[in-house]
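Just below is one structure, and these are the notes that go with it.
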Amino acid sequence: SISVKVGDANNPPPGPYRVIFSAFGLQQLSQPLDAVRKWIDLLEPGGVGVILYWPPDAPELEDDDGIFDLWSDLVQQKLKNDNQDAKSKQDHKNDLPLPWDHTMAQVVQESNADVLQDDYLLHSMMFDNPRDLFHRMSRAGPWHAMRLRRGDDFVDELGSEFVAKVTALQPDDEEELTLQSYARMLVVRKKPKTRDGDDDDQDISKL
């Protein structure tokens with residue numbers, strides 16, 4: 001038989017599972033690499049994890065208009081300015097390195113699993129205007145994790161500047177924006193152990 005559980009990605013229901021599937025949720029977590037470690041730990045030996053997410057440092061597109069790079073530049077500049085203050089350095093010394101997913105394969109291997117597939121998939125995204133772009137990317141997209149780590153004030157201050165700059169690039173503020181970016185799909189398998197027999201029950205978790 002097959003059972004499916006939908007759970008909190010940070011605190012999944014107890015396993016073990018034969019399959020764990022997560023679509024576009026990983027980049028919203030404050031500690032995504034820790035989440036991947038938990039998911040692999042919950043897999044049974046030989047179990048498979050499928051993780052689809054927006055990477056913080058996706059491959060560049062030839063026709064990229066630089067809008068995503070603009071956001072990255074604004075973030076890096078603000079972090080640099082904040083780090084000039086000693087107290088800020090102390091407060092944020094445990095922040096994730098950017099981009100955080102460059103060590104993903106290493107994390108998988110250290111968690112006793114193998115990478116079966118690691119691909120970048122091209123997606124098109126449509127936004128009503130620059131304000132809509134910022135709202136969706138920072139509330140439910142790859143920039144949401146920064147809200148969790150830094151707070152609304154930090155992100156919204158950047159957002160005001162970001163919207164102003166994108167609007168300058170796109171003079172018609174009500175013009176629909178169509179952007180392309182790469183999602184990363186990672187398929188991992190927990191290393192199997194020698195077992196006396198197979199279990200007919202199958203658990204699948206969706207995070």
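To be explicit about the labels: the chains of the structure tokens are called A, B, and onward in the order shown, and within each one the residues are counted from 1, while ligands get numbers from 1 in the order they are shown.
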
- Got a sec to tell me which of segment 23-85 of chain A DSSP assigns to strand (DSSP E or B), as a ChimeraX atom specification? /A:23,43-53

Mind writing the picked residues with C-alpha atoms as a JSON list (two decimals), in the first residue's frame?
[["chain", "number", "residue", "atom", "x", "y", "z"],
["A", 23, "ALA", "CA", 8.67, 21.62, -4.92],
["A", 43, "LEU", "CA", 14.52, 8.39, 4.16],
["A", 44, "GLU", "CA", 14.76, 4.66, 4.54],
["A", 45, "PRO", "CA", 17.90, 3.04, 3.09],
["A", 46, "GLY", "CA", 17.53, 3.22, -0.68],
["A", 47, "GLY", "CA", 14.82, 5.90, -0.36],
["A", 48, "VAL", "CA", 14.70, 8.75, -2.87],
["A", 49, "GLY", "CA", 14.38, 12.50, -2.34],
["A", 50, "VAL", "CA", 13.27, 14.83, -5.14],
["A", 51, "ILE", "CA", 13.96, 18.50, -4.43],
["A", 52, "LEU", "CA", 12.98, 21.29, -6.84],
["A", 53, "TYR", "CA", 13.84, 24.86, -5.83]]

- Message: So that I can check the secondary structure, give me every residue of segment 18-173 of chain A assigned helix (DSSP H, G or I) by backbone DSSP, as number ranges by chain.
- Response: A: 26-28, 32-42, 67-82, 86-91, 100-110, 130-139, 144-150, 152-169

- Message: Using only C-alpha atoms, which protein or nucleic acid residues come within 10 Å of Ile67 of chain A? Drop anything in the same chain fewer than 2 positions from it, and give the result as number ranges by chain.
- Response: A: 64-65, 69-73, 130, 162, 165-166, 169, 179

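Shortest separation to Gln170 of chain A among A:Gln28, A:Asn83, A:Asn129, A:Ser22 occurs at residue A:Asn129, atoms counted being only C-alpha atoms.
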
- Record the distance separating atom CA of Gln31 of chain A and atom CA of Gln180 of chain A, expressed in Å with one decimal.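 Interatomic distance here is 25.7 Å.
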
- Query: If we count only C-alpha atoms, what is near segment 141-157 of chain A at a cut-off of 7 Å, once residues fewer than 5 positions away on the same chain are taken out, given as a ChimeraX atom specification?
  - Reply: /A:27-30,54,136

- Query: In terms of the shortest atom-to-atom distance over only C-alpha atoms, which of A:Asp8, A:Glu161, A:Asp101, A:Asp118 is closest to Lys38 of chain A?
  - Reply: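 Using only C-alpha atoms, Lys38 of chain A sits closest to A:Asp8.
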